[in-house]
Amino acid sequence: MLEVKKLSKSFAGRQIIKDLSFNLADGQTMTVVGPSGAGKTTLLRIIAGLEAKDAGEILVAGQAYNPEKISVVFQDFNLFPNLTVLENITLAPKLVLKQSDLEAKKEAEDLLEKLQMLPYQNQYPYQLSGGQKQRVAIARALAMKPEILCYDEPTSALDPNLRQEVEKLILALKQSGQTQFIITHDLTFAQNVADQILELKAIGD
Amino acid sequence: MNYVMEILPALLAGTLMTLKIFFSTILLSLPLGVLVALGEMSKFKPVKYLVEFYVWIMRGTPLLLQLIFVFYGFPLINLVFPRYEAALFAFVLNYAAYFAEIFRGGLQSIDKGQFEAAQVLNLTKFQTMQKIVLPQVLKIVLPSIANEVINLVKDSSLVYVIGLGDLLRAGNVAMSRDVTLLPLVLVAIIYLALISACTIVQKRLEHHFSYYR
């Protein structure tokens, strides 16, 4: 369970998030919607540990925030261009989770198979389409066995067909019990995938 | 032909000195350049300013002058280096400063998203540098580094100023003694061969890194 209590953040004297509280139960999918400047991406960055909060508390499974429990699928995917698809996925499990080469490779292959990306395992990111890159980014995040999987605008870089594919994928992960936290500006998508929708408003509106 | 065979041993001995300076400088100044680049980007201001001052001095004064300072100037403060060590000291400090600027440019051109992706995967800073950042930086900086390496082959001829016998000096001695330009033609051919070898290595390395974009 992700618990956010009275979270606040400001940049250069401008309050972006003020006293925000919410809970995300295990296995649930939450989408965060709101206009530009409402602090959606800032909220995700704080939860992912990429940005410091000014005040408030974030608890994961009742304990103080531990970044190892959260993985992120970035808007631009941020795959490592010097590594193959397989290496992108196995790097952190080997170095951080101390999995053996064989174990990491086996788990990565299982994930790639589920995401229909196994034939691309030896390709480099530049050889993949936007949708394929996103699947690899999801596989890389899932390989860390996160308690919460966060997405930053997962549909924004994709055409309508691929948008539907991502929706299916997120629904499939939801069915498998994965807790998901999704930032999006796409209301239809947000409604289709969410158990809960959190609407942020620009402060001052 | 007999004359060429006669002066060749002296030229090859000079070439050996040139190669000694060249390889030792590369081996020491490249890693030092990476450290200096990291120092220039340090958030700890005293380190950043100190390193920037060092780079300013090294890039702001001629290498010839630095060689003279190290060999003739340092003994005034009781720091005495033998000729070869003095040359190496000056070359390594000078080239590390240039390499540092190239590495700094490469490091700053890596997308912030790469660091953030590594951070959310819980990689340590060292793992991020080793597995993600440096391999990408190397590809970016390779042409500029190769340029400096080629300059180094030619700059090594400056060691004559502190009395070391390199390739150019060997050619000069033969030219003055025998009153002919032929030794310098041979010197030019040897320099061209050395630089061609560097260019081949550069092309191979660029090819090696072309596996991704």
# chains A, B, ... in the order shown; residues from 1 in each chain; ligands from 1
>>> interface_residues(of="chain B", to="chain A", cutoff="6 Å", atoms="only C-alpha atoms", output="NGL selection string")
:B and (113-114 or 212)
>>> residues_around(residues="B:Phe115", least_positions_apart="3", cutoff="9 Å", atoms="only C-alpha atoms", output="VMD selection string")
chain B and resid 110 to 112 118 to 120 125 128 to 129 132 to 133
>>> write_last_selection(atoms="N, CA, C and O atoms", output="PDB file, in the first residue's frame")
ATOM      1  N   ILE B 110      25.414  13.789 -22.022  1.00  0.00           N
ATOM      2  CA  ILE B 110      24.570  12.605 -21.726  1.00  0.00           C
ATOM      3  C   ILE B 110      23.234  13.089 -21.164  1.00  0.00           C
ATOM      4  O   ILE B 110      23.194  13.904 -20.237  1.00  0.00           O
ATOM      5  N   ASP B 111      22.160  12.559 -21.728  1.00  0.00           N
ATOM      6  CA  ASP B 111      20.824  12.978 -21.332  1.00  0.00           C
ATOM      7  C   ASP B 111      20.583  12.714 -19.839  1.00  0.00           C
ATOM      8  O   ASP B 111      20.961  11.656 -19.324  1.00  0.00           O
ATOM      9  N   LYS B 112      19.951  13.700 -19.192  1.00  0.00           N
ATOM     10  CA  LYS B 112      19.659  13.591 -17.755  1.00  0.00           C
ATOM     11  C   LYS B 112      18.812  12.337 -17.470  1.00  0.00           C
ATOM     12  O   LYS B 112      18.904  11.719 -16.406  1.00  0.00           O
ATOM     13  N   ALA B 118      18.883   5.199 -14.295  1.00  0.00           N
ATOM     14  CA  ALA B 118      19.802   4.406 -13.465  1.00  0.00           C
ATOM     15  C   ALA B 118      19.440   4.560 -11.991  1.00  0.00           C
ATOM     16  O   ALA B 118      19.476   3.590 -11.233  1.00  0.00           O
ATOM     17  N   GLN B 119      19.054   5.782 -11.600  1.00  0.00           N
ATOM     18  CA  GLN B 119      18.711   6.029 -10.195  1.00  0.00           C
ATOM     19  C   GLN B 119      17.474   5.238  -9.767  1.00  0.00           C
ATOM     20  O   GLN B 119      17.475   4.622  -8.708  1.00  0.00           O
ATOM     21  N   VAL B 120      16.428   5.234 -10.620  1.00  0.00           N
ATOM     22  CA  VAL B 120      15.224   4.500 -10.199  1.00  0.00           C
ATOM     23  C   VAL B 120      15.435   2.985 -10.250  1.00  0.00           C
ATOM     24  O   VAL B 120      14.695   2.237  -9.636  1.00  0.00           O
ATOM     25  N   LYS B 125      26.221   5.135  -7.979  1.00  0.00           N
ATOM     26  CA  LYS B 125      26.831   6.123  -8.887  1.00  0.00           C
ATOM     27  C   LYS B 125      27.953   5.479  -9.695  1.00  0.00           C
ATOM     28  O   LYS B 125      28.118   5.754 -10.877  1.00  0.00           O
ATOM     29  N   THR B 128      26.509   3.315 -12.382  1.00  0.00           N
ATOM     30  CA  THR B 128      25.935   4.163 -13.432  1.00  0.00           C
ATOM     31  C   THR B 128      27.043   4.670 -14.360  1.00  0.00           C
ATOM     32  O   THR B 128      26.903   4.643 -15.589  1.00  0.00           O
ATOM     33  N   MET B 129      28.140   5.126 -13.761  1.00  0.00           N
ATOM     34  CA  MET B 129      29.247   5.624 -14.578  1.00  0.00           C
ATOM     35  C   MET B 129      29.841   4.491 -15.421  1.00  0.00           C
ATOM     36  O   MET B 129      30.076   4.636 -16.617  1.00  0.00           O
ATOM     37  N   ILE B 132      26.748   2.664 -17.829  1.00  0.00           N
ATOM     38  CA  ILE B 132      25.849   3.468 -18.658  1.00  0.00           C
ATOM     39  C   ILE B 132      26.547   4.695 -19.240  1.00  0.00           C
ATOM     40  O   ILE B 132      26.551   4.910 -20.455  1.00  0.00           O
ATOM     41  N   VAL B 133      27.139   5.491 -18.343  1.00  0.00           N
ATOM     42  CA  VAL B 133      27.602   6.817 -18.771  1.00  0.00           C
ATOM     43  C   VAL B 133      28.922   6.739 -19.554  1.00  0.00           C
ATOM     44  O   VAL B 133      28.998   7.225 -20.688  1.00  0.00           O
TER      45      VAL B 133
END
>>> closest_residue(among="A:Ala104, A:Leu24, A:Gln180, A:Leu112", to="A:Tyr151", atoms="only C-alpha atoms")
A:Gln180
>>> select_by_dssp(residues="stretch 26-82 of chain A", states="alpha helix (DSSP H)", output="number ranges by chain")
A: 40-47
>>> residues_around(residues="stretch 165-174 of chain B", least_positions_apart="2", cutoff="7 Å", atoms="only C-alpha atoms", output="list in words")
Ala10, Leu11, Gly14, Thr15, Met17, Thr18, Ser157, Tyr160, Gly163, Ser176, Arg177, Asp178, Pro183, Leu184 and Val187 of chain B
>>> write_last_selection(atoms="N, CA, C and O atoms", output="JSON list (two decimals), in the first residue's frame")
[["chain", "number", "residue", "atom", "x", "y", "z"],
["B", 10, "ALA", "N", 70.00, 5.76, -35.60],
["B", 10, "ALA", "CA", 69.83, 6.95, -34.74],
["B", 10, "ALA", "C", 68.38, 7.43, -34.79],
["B", 10, "ALA", "O", 67.79, 7.79, -33.75],
["B", 11, "LEU", "N", 67.80, 7.39, -36.00],
["B", 11, "LEU", "CA", 66.39, 7.83, -36.12],
["B", 11, "LEU", "C", 65.47, 6.88, -35.36],
["B", 11, "LEU", "O", 64.52, 7.31, -34.71],
["B", 14, "GLY", "N", 65.60, 7.57, -31.75],
["B", 14, "GLY", "CA", 64.78, 8.76, -31.49],
["B", 14, "GLY", "C", 63.30, 8.41, -31.49],
["B", 14, "GLY", "O", 62.53, 8.88, -30.64],
["B", 15, "THR", "N", 62.92, 7.53, -32.45],
["B", 15, "THR", "CA", 61.51, 7.11, -32.53],
["B", 15, "THR", "C", 61.10, 6.39, -31.24],
["B", 15, "THR", "O", 59.98, 6.58, -30.74],
["B", 17, "MET", "N", 62.21, 6.92, -28.24],
["B", 17, "MET", "CA", 61.94, 7.94, -27.20],
["B", 17, "MET", "C", 60.58, 8.59, -27.45],
["B", 17, "MET", "O", 59.78, 8.78, -26.51],
["B", 18, "THR", "N", 60.28, 8.92, -28.72],
["B", 18, "THR", "CA", 58.99, 9.52, -29.07],
["B", 18, "THR", "C", 57.85, 8.59, -28.63],
["B", 18, "THR", "O", 56.87, 9.03, -28.01],
["B", 157, "SER", "N", 57.89, 16.10, -29.98],
["B", 157, "SER", "CA", 59.17, 16.64, -30.47],
["B", 157, "SER", "C", 59.66, 17.81, -29.62],
["B", 157, "SER", "O", 60.83, 18.20, -29.70],
["B", 160, "TYR", "N", 62.98, 18.15, -27.05],
["B", 160, "TYR", "CA", 64.36, 18.57, -27.37],
["B", 160, "TYR", "C", 64.81, 19.69, -26.45],
["B", 160, "TYR", "O", 65.97, 19.83, -26.11],
["B", 163, "GLY", "N", 66.69, 18.63, -23.65],
["B", 163, "GLY", "CA", 67.84, 17.79, -23.99],
["B", 163, "GLY", "C", 67.55, 16.32, -24.18],
["B", 163, "GLY", "O", 68.47, 15.49, -24.14],
["B", 176, "SER", "N", 72.38, 18.60, -39.60],
["B", 176, "SER", "CA", 73.45, 19.57, -39.36],
["B", 176, "SER", "C", 74.83, 18.97, -39.64],
["B", 176, "SER", "O", 75.70, 19.61, -40.22],
["B", 177, "ARG", "N", 74.98, 17.72, -39.25],
["B", 177, "ARG", "CA", 76.28, 17.06, -39.39],
["B", 177, "ARG", "C", 76.60, 16.80, -40.87],
["B", 177, "ARG", "O", 77.71, 17.09, -41.33],
["B", 178, "ASP", "N", 75.59, 16.32, -41.62],
["B", 178, "ASP", "CA", 75.87, 15.88, -43.00],
["B", 178, "ASP", "C", 75.41, 16.89, -44.05],
["B", 178, "ASP", "O", 75.55, 16.61, -45.26],
["B", 183, "PRO", "N", 67.68, 13.45, -43.92],
["B", 183, "PRO", "CA", 67.23, 12.94, -42.60],
["B", 183, "PRO", "C", 65.85, 13.48, -42.21],
["B", 183, "PRO", "O", 65.04, 12.74, -41.64],
["B", 184, "LEU", "N", 65.56, 14.75, -42.56],
["B", 184, "LEU", "CA", 64.26, 15.31, -42.19],
["B", 184, "LEU", "C", 63.13, 14.70, -43.03],
["B", 184, "LEU", "O", 62.01, 14.57, -42.55],
["B", 187, "VAL", "N", 62.43, 11.60, -41.27],
["B", 187, "VAL", "CA", 61.69, 11.93, -40.04],
["B", 187, "VAL", "C", 60.21, 12.13, -40.37],
["B", 187, "VAL", "O", 59.32, 11.60, -39.68]]
>>> residues_around(residues="A:Gln191", least_positions_apart="2", cutoff="12 Å", atoms="only C-alpha atoms", output="list of chain:residue names")
A:Thr29, A:Met30, A:Thr31, A:Val32, A:Val33, A:Glu167, A:Leu171, A:Ile182, A:Thr184, A:His185, A:Asp186, A:Leu187, A:Thr188, A:Phe189, A:Val193, A:Ala194, A:Asp195, A:Gln196, A:Ile197, A:Leu198, A:Glu199
>>> write_last_selection(atoms="N, CA, C and O atoms", output="PDB file, in the first residue's frame")
ATOM      1  N   THR A  29      -4.968   0.120  -9.396  1.00  0.00           N
ATOM      2  CA  THR A  29      -4.350   1.030 -10.359  1.00  0.00           C
ATOM      3  C   THR A  29      -4.949   2.413 -10.162  1.00  0.00           C
ATOM      4  O   THR A  29      -6.175   2.575 -10.174  1.00  0.00           O
ATOM      5  N   MET A  30      -4.057   3.391  -9.945  1.00  0.00           N
ATOM      6  CA  MET A  30      -4.518   4.768  -9.777  1.00  0.00           C
ATOM      7  C   MET A  30      -4.008   5.612 -10.940  1.00  0.00           C
ATOM      8  O   MET A  30      -2.845   5.486 -11.330  1.00  0.00           O
ATOM      9  N   THR A  31      -4.899   6.412 -11.503  1.00  0.00           N
ATOM     10  CA  THR A  31      -4.433   7.368 -12.508  1.00  0.00           C
ATOM     11  C   THR A  31      -4.517   8.772 -11.908  1.00  0.00           C
ATOM     12  O   THR A  31      -5.427   9.058 -11.118  1.00  0.00           O
ATOM     13  N   VAL A  32      -3.568   9.601 -12.289  1.00  0.00           N
ATOM     14  CA  VAL A  32      -3.536  10.979 -11.804  1.00  0.00           C
ATOM     15  C   VAL A  32      -3.753  11.880 -13.002  1.00  0.00           C
ATOM     16  O   VAL A  32      -2.980  11.817 -13.975  1.00  0.00           O
ATOM     17  N   VAL A  33      -4.813  12.661 -12.956  1.00  0.00           N
ATOM     18  CA  VAL A  33      -5.123  13.553 -14.087  1.00  0.00           C
ATOM     19  C   VAL A  33      -5.126  15.004 -13.603  1.00  0.00           C
ATOM     20  O   VAL A  33      -5.148  15.256 -12.404  1.00  0.00           O
ATOM     21  N   GLU A 167      -3.005   0.245 -23.226  1.00  0.00           N
ATOM     22  CA  GLU A 167      -4.155   0.118 -22.332  1.00  0.00           C
ATOM     23  C   GLU A 167      -4.372  -1.359 -21.973  1.00  0.00           C
ATOM     24  O   GLU A 167      -4.542  -1.707 -20.810  1.00  0.00           O
ATOM     25  N   LEU A 171      -4.012  -3.105 -18.314  1.00  0.00           N
ATOM     26  CA  LEU A 171      -5.132  -3.868 -17.747  1.00  0.00           C
ATOM     27  C   LEU A 171      -4.694  -5.296 -17.414  1.00  0.00           C
ATOM     28  O   LEU A 171      -5.096  -5.853 -16.388  1.00  0.00           O
ATOM     29  N   ILE A 182      -0.315   5.894 -12.329  1.00  0.00           N
ATOM     30  CA  ILE A 182      -0.146   6.378 -13.710  1.00  0.00           C
ATOM     31  C   ILE A 182      -0.473   7.864 -13.828  1.00  0.00           C
ATOM     32  O   ILE A 182      -1.571   8.296 -13.465  1.00  0.00           O
ATOM     33  N   THR A 184      -1.323  10.800 -16.307  1.00  0.00           N
ATOM     34  CA  THR A 184      -1.773  10.935 -17.700  1.00  0.00           C
ATOM     35  C   THR A 184      -2.607  12.210 -17.892  1.00  0.00           C
ATOM     36  O   THR A 184      -3.184  12.727 -16.934  1.00  0.00           O
ATOM     37  N   HIS A 185      -2.644  12.676 -19.112  1.00  0.00           N
ATOM     38  CA  HIS A 185      -3.521  13.816 -19.412  1.00  0.00           C
ATOM     39  C   HIS A 185      -4.731  13.312 -20.204  1.00  0.00           C
ATOM     40  O   HIS A 185      -5.614  14.066 -20.556  1.00  0.00           O
ATOM     41  N   ASP A 186      -4.734  11.965 -20.473  1.00  0.00           N
ATOM     42  CA  ASP A 186      -5.726  11.362 -21.356  1.00  0.00           C
ATOM     43  C   ASP A 186      -6.871  10.811 -20.498  1.00  0.00           C
ATOM     44  O   ASP A 186      -6.752   9.738 -19.887  1.00  0.00           O
ATOM     45  N   LEU A 187      -7.985  11.548 -20.436  1.00  0.00           N
ATOM     46  CA  LEU A 187      -9.067  11.198 -19.507  1.00  0.00           C
ATOM     47  C   LEU A 187      -9.717   9.853 -19.825  1.00  0.00           C
ATOM     48  O   LEU A 187     -10.030   9.075 -18.918  1.00  0.00           O
ATOM     49  N   THR A 188      -9.928   9.561 -21.122  1.00  0.00           N
ATOM     50  CA  THR A 188     -10.561   8.293 -21.501  1.00  0.00           C
ATOM     51  C   THR A 188      -9.690   7.127 -21.048  1.00  0.00           C
ATOM     52  O   THR A 188     -10.182   6.169 -20.418  1.00  0.00           O
ATOM     53  N   PHE A 189      -8.411   7.232 -21.349  1.00  0.00           N
ATOM     54  CA  PHE A 189      -7.467   6.192 -20.928  1.00  0.00           C
ATOM     55  C   PHE A 189      -7.487   6.055 -19.403  1.00  0.00           C
ATOM     56  O   PHE A 189      -7.536   4.945 -18.863  1.00  0.00           O
ATOM     57  N   VAL A 193      -8.551   2.434 -17.368  1.00  0.00           N
ATOM     58  CA  VAL A 193      -7.616   1.542 -16.655  1.00  0.00           C
ATOM     59  C   VAL A 193      -7.697   1.659 -15.131  1.00  0.00           C
ATOM     60  O   VAL A 193      -7.229   0.769 -14.423  1.00  0.00           O
ATOM     61  N   ALA A 194      -8.295   2.737 -14.620  1.00  0.00           N
ATOM     62  CA  ALA A 194      -8.132   3.035 -13.190  1.00  0.00           C
ATOM     63  C   ALA A 194      -9.151   2.353 -12.286  1.00  0.00           C
ATOM     64  O   ALA A 194     -10.307   2.157 -12.650  1.00  0.00           O
ATOM     65  N   ASP A 195      -8.684   2.022 -11.063  1.00  0.00           N
ATOM     66  CA  ASP A 195      -9.606   1.715  -9.971  1.00  0.00           C
ATOM     67  C   ASP A 195      -9.942   3.019  -9.254  1.00  0.00           C
ATOM     68  O   ASP A 195     -11.031   3.184  -8.729  1.00  0.00           O
ATOM     69  N   GLN A 196      -8.951   3.903  -9.211  1.00  0.00           N
ATOM     70  CA  GLN A 196      -9.148   5.212  -8.570  1.00  0.00           C
ATOM     71  C   GLN A 196      -8.562   6.281  -9.473  1.00  0.00           C
ATOM     72  O   GLN A 196      -7.501   6.060 -10.067  1.00  0.00           O
ATOM     73  N   ILE A 197      -9.227   7.423  -9.529  1.00  0.00           N
ATOM     74  CA  ILE A 197      -8.671   8.554 -10.283  1.00  0.00           C
ATOM     75  C   ILE A 197      -8.410   9.693  -9.295  1.00  0.00           C
ATOM     76  O   ILE A 197      -9.288  10.049  -8.506  1.00  0.00           O
ATOM     77  N   LEU A 198      -7.196  10.201  -9.325  1.00  0.00           N
ATOM     78  CA  LEU A 198      -6.850  11.345  -8.478  1.00  0.00           C
ATOM     79  C   LEU A 198      -6.753  12.569  -9.381  1.00  0.00           C
ATOM     80  O   LEU A 198      -5.978  12.572 -10.329  1.00  0.00           O
ATOM     81  N   GLU A 199      -7.570  13.565  -9.078  1.00  0.00           N
ATOM     82  CA  GLU A 199      -7.536  14.753  -9.931  1.00  0.00           C
ATOM     83  C   GLU A 199      -6.769  15.859  -9.219  1.00  0.00           C
ATOM     84  O   GLU A 199      -7.136  16.276  -8.120  1.00  0.00           O
TER      85      GLU A 199
END
>>> residues_around(residues="stretch 71-84 of chain B", least_positions_apart="5", cutoff="12 Å", atoms="only C-alpha atoms", output="list of chain:residue names")
B:Met17, B:Thr18, B:Lys20, B:Ile21, B:Phe22, B:Ser24, B:Thr25, B:Leu64, B:Leu65, B:Gln66, B:Phe89, B:Ala90, B:Phe91, B:Ser156, B:Val159, B:Tyr160, B:Val161, B:Ile162, B:Gly163, B:Leu164, B:Gly165, B:Asp166
>>> residues_around(residues="B:Leu35", least_positions_apart="6", cutoff="12 Å", atoms="only C-alpha atoms", output="ChimeraX atom specification")
/B:28-29,41-42,47-48,51,96-97,99-101,103-104,107
>>> write_last_selection(atoms="N, CA and C atoms", output="mmCIF file, in the first residue's frame")
data_model
loop_
_atom_site.group_PDB
_atom_site.id
_atom_site.type_symbol
_atom_site.label_atom_id
_atom_site.label_comp_id
_atom_site.auth_asym_id
_atom_site.auth_seq_id
_atom_site.Cartn_x
_atom_site.Cartn_y
_atom_site.Cartn_z
ATOM 1 N N LEU B 28 48.748 7.611 -18.750
ATOM 2 C CA LEU B 28 48.546 8.341 -17.499
ATOM 3 C C LEU B 28 47.539 9.478 -17.637
ATOM 4 N N SER B 29 47.539 10.152 -18.785
ATOM 5 C CA SER B 29 46.713 11.369 -18.876
ATOM 6 C C SER B 29 45.236 11.070 -19.157
ATOM 7 N N MET B 41 33.193 19.013 -12.536
ATOM 8 C CA MET B 41 31.735 18.969 -12.393
ATOM 9 C C MET B 41 31.317 18.747 -10.938
ATOM 10 N N SER B 42 32.311 18.747 -10.027
ATOM 11 C CA SER B 42 32.017 18.482 -8.619
ATOM 12 C C SER B 42 31.143 19.587 -8.031
ATOM 13 N N VAL B 47 37.048 21.943 -4.654
ATOM 14 C CA VAL B 47 37.612 20.998 -5.645
ATOM 15 C C VAL B 47 37.387 21.549 -7.050
ATOM 16 N N LYS B 48 36.180 22.007 -7.320
ATOM 17 C CA LYS B 48 35.828 22.516 -8.646
ATOM 18 C C LYS B 48 36.751 23.695 -9.031
ATOM 19 N N VAL B 51 40.471 22.611 -9.566
ATOM 20 C CA VAL B 51 40.632 21.879 -10.826
ATOM 21 C C VAL B 51 40.494 22.837 -12.019
ATOM 22 N N ALA B 96 46.263 15.891 -19.747
ATOM 23 C CA ALA B 96 45.110 15.562 -18.891
ATOM 24 C C ALA B 96 44.131 16.737 -18.882
ATOM 25 N N ALA B 97 44.649 17.967 -18.908
ATOM 26 C CA ALA B 97 43.762 19.148 -18.897
ATOM 27 C C ALA B 97 42.929 19.198 -20.178
ATOM 28 N N PHE B 99 42.268 16.599 -22.208
ATOM 29 C CA PHE B 99 41.359 15.445 -22.197
ATOM 30 C C PHE B 99 40.173 15.711 -21.260
ATOM 31 N N ALA B 100 40.460 16.368 -20.128
ATOM 32 C CA ALA B 100 39.393 16.654 -19.149
ATOM 33 C C ALA B 100 38.299 17.496 -19.788
ATOM 34 N N GLU B 101 38.697 18.498 -20.552
ATOM 35 C CA GLU B 101 37.693 19.357 -21.194
ATOM 36 C C GLU B 101 36.860 18.554 -22.190
ATOM 37 N N PHE B 103 36.302 15.247 -22.016
ATOM 38 C CA PHE B 103 35.429 14.354 -21.238
ATOM 39 C C PHE B 103 34.272 15.130 -20.609
ATOM 40 N N ARG B 104 34.568 16.356 -20.115
ATOM 41 C CA ARG B 104 33.509 17.164 -19.489
ATOM 42 C C ARG B 104 32.395 17.420 -20.514
ATOM 43 N N LEU B 107 30.496 14.186 -20.924
ATOM 44 C CA LEU B 107 29.640 13.877 -19.766
ATOM 45 C C LEU B 107 28.407 14.769 -19.750
#
>>> closest_residue(among="A:Pro160, A:Val136, A:Leu149, A:Ser8", to="A:Ala52", atoms="only C-alpha atoms")
A:Ser8
>>> closest_residue(among="A:Ala25, A:Gly177, A:Leu111, A:Gly34", to="A:Val60", atoms="only C-alpha atoms")
A:Ala25
>>> residues_around(residues="A:Leu59", least_positions_apart="3", cutoff="10 Å", atoms="only C-alpha atoms", output="PDB file with C-alpha atoms, in the first residue's frame")
ATOM      1  CA  MET A   1       0.000   0.000   0.000  1.00  0.00           C
ATOM      2  CA  LEU A   2       1.224   3.478  -0.919  1.00  0.00           C
ATOM      3  CA  GLU A   3       0.253   6.168   1.562  1.00  0.00           C
ATOM      4  CA  VAL A   4       0.902   9.823   0.816  1.00  0.00           C
ATOM      5  CA  LYS A   5       0.232  12.186   3.723  1.00  0.00           C
ATOM      6  CA  ASN A  23      -3.819   5.984  -0.428  1.00  0.00           C
ATOM      7  CA  ILE A  47       7.297   9.239  -5.255  1.00  0.00           C
ATOM      8  CA  GLY A  62       3.512   1.028   6.174  1.00  0.00           C
ATOM      9  CA  GLN A  63       7.212   1.792   6.188  1.00  0.00           C
ATOM     10  CA  ALA A  64       9.135   4.947   5.348  1.00  0.00           C
ATOM     11  CA  TYR A  65       9.759   5.372   1.646  1.00  0.00           C
ATOM     12  CA  ASN A  66      12.243   2.959   0.080  1.00  0.00           C
TER      13      ASN A  66
END
>>> atom_distance(atom1="atom CA of B:Leu121", atom2="atom CA of B:Gly39")
25.5 Å
>>> atom_distance(atom1="atom CA of B:Gly106", atom2="atom CA of B:Pro46")
22.9 Å
